[in-house]
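Chemist: So that we are looking at the same thing, I have put the structure below in structure tokens.
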Amino acid sequence: MLALLTGLCLAVCAGLPLPVYAAPQQTALSVSAKSAILVNAADGTALWAKGADEKRPMASTTKIMTAL
């Protein structure tokens, strides 16, 4: 009996309309780094870049080995 009552309550709750709101519009991408790049992993194309062509000093060896 308890299982039937629980199932009925769940069915009624699932059938109730829930309020749905539109998501707020996203602002433009803002990055504080001097250079950054967003690459599509599937095909390797650059989706977004900031200062990607500027030469920068290499990061520490630990960071490079972690990325590998």
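Letters A, B, ... go to the chains of the structure tokens in the order shown; residues in each chain start at 1; ligands are counted from 1 in the same order.
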When DSSP is applied to the backbone of this structure, which of range 5-65 of chain A are assigned helix (DSSP H, G or I)? Write them out as a compact mmCIF listing (two decimals) with C-alpha atoms, in the first residue's frame.
Modeler:
```txt
# COMPACT_ATOMS: atom_id res chain seq x y z
CA LEU A 5 0.90 5.68 -2.46
CA THR A 6 4.54 6.62 -3.06
CA GLY A 7 4.25 5.80 -6.76
CA LEU A 8 1.06 7.84 -7.05
CA CYS A 9 2.66 10.84 -5.33
CA LEU A 10 5.70 10.62 -7.61
CA ALA A 11 3.49 10.42 -10.70
CA VAL A 12 1.50 13.48 -9.63
CA CYS A 13 4.64 15.47 -8.81
CA ALA A 14 6.26 14.52 -12.13
CA GLY A 15 3.18 15.66 -14.02
CA THR A 61 59.65 22.12 -17.00
CA THR A 62 57.22 20.81 -14.37
CA LYS A 63 54.29 22.51 -16.08
CA ILE A 64 55.34 21.19 -19.48
CA MET A 65 55.73 17.62 -18.22
```
Chemist: Could you tell me, as a PyMOL selection string, which residues of chain A DSSP assigns to strand (DSSP E or B) when given the backbone?
Modeler: chain A and resi 36-39+46-50
Chemist: When you look at range 34-38 of chain A with a cut-off of 8 Å (counting only C-alpha atoms), what residues show up, excluding the ones that are within fewer than 5 positions of it in the same chain? I need them as a PDB file with N, CA and C atoms, in the first residue's frame.
Modeler:
```
ATOM      1  N   ALA A  46      41.725  26.319 -34.351  1.00  0.00           N
ATOM      2  CA  ALA A  46      41.663  27.316 -33.289  1.00  0.00           C
ATOM      3  C   ALA A  46      40.290  27.972 -33.306  1.00  0.00           C
ATOM      4  N   LEU A  47      39.572  27.869 -32.199  1.00  0.00           N
ATOM      5  CA  LEU A  47      38.245  28.461 -32.099  1.00  0.00           C
ATOM      6  C   LEU A  47      38.315  29.910 -31.644  1.00  0.00           C
ATOM      7  N   TRP A  48      39.293  30.231 -30.786  1.00  0.00           N
ATOM      8  CA  TRP A  48      39.458  31.583 -30.268  1.00  0.00           C
ATOM      9  C   TRP A  48      40.920  31.763 -29.895  1.00  0.00           C
ATOM     10  N   ALA A  49      41.465  32.937 -30.146  1.00  0.00           N
ATOM     11  CA  ALA A  49      42.866  33.180 -29.809  1.00  0.00           C
ATOM     12  C   ALA A  49      43.059  34.623 -29.383  1.00  0.00           C
ATOM     13  N   LYS A  50      43.966  34.820 -28.444  1.00  0.00           N
ATOM     14  CA  LYS A  50      44.353  36.153 -27.995  1.00  0.00           C
ATOM     15  C   LYS A  50      45.872  36.143 -27.862  1.00  0.00           C
ATOM     16  N   GLY A  51      46.548  36.908 -28.684  1.00  0.00           N
ATOM     17  CA  GLY A  51      48.005  36.977 -28.634  1.00  0.00           C
ATOM     18  C   GLY A  51      48.671  35.657 -28.958  1.00  0.00           C
ATOM     19  N   ALA A  52      48.055  34.855 -29.807  1.00  0.00           N
ATOM     20  CA  ALA A  52      48.585  33.519 -30.097  1.00  0.00           C
ATOM     21  C   ALA A  52      49.868  33.566 -30.916  1.00  0.00           C
ATOM     22  N   GLU A  54      52.273  35.915 -30.647  1.00  0.00           N
ATOM     23  CA  GLU A  54      53.364  36.577 -29.930  1.00  0.00           C
ATOM     24  C   GLU A  54      54.273  35.530 -29.292  1.00  0.00           C
TER      25      GLU A  54
END
```
Chemist: So the first atom is CA of Gly44 in chain A and the second is CA of Val31 in chain A; what is the distance between them in Å, to one decimal place?
Modeler: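 Separating CA of Gly44 in chain A from CA of Val31 in chain A is a distance of 21.0 Å.
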Chemist: Check the smallest atom-to-atom distance from each of A:Leu16, A:Leu2, A:Val39, A:Ala33 to Arg56 in chain A using only C-alpha atoms, then report the winner.
Modeler: A:Ala33
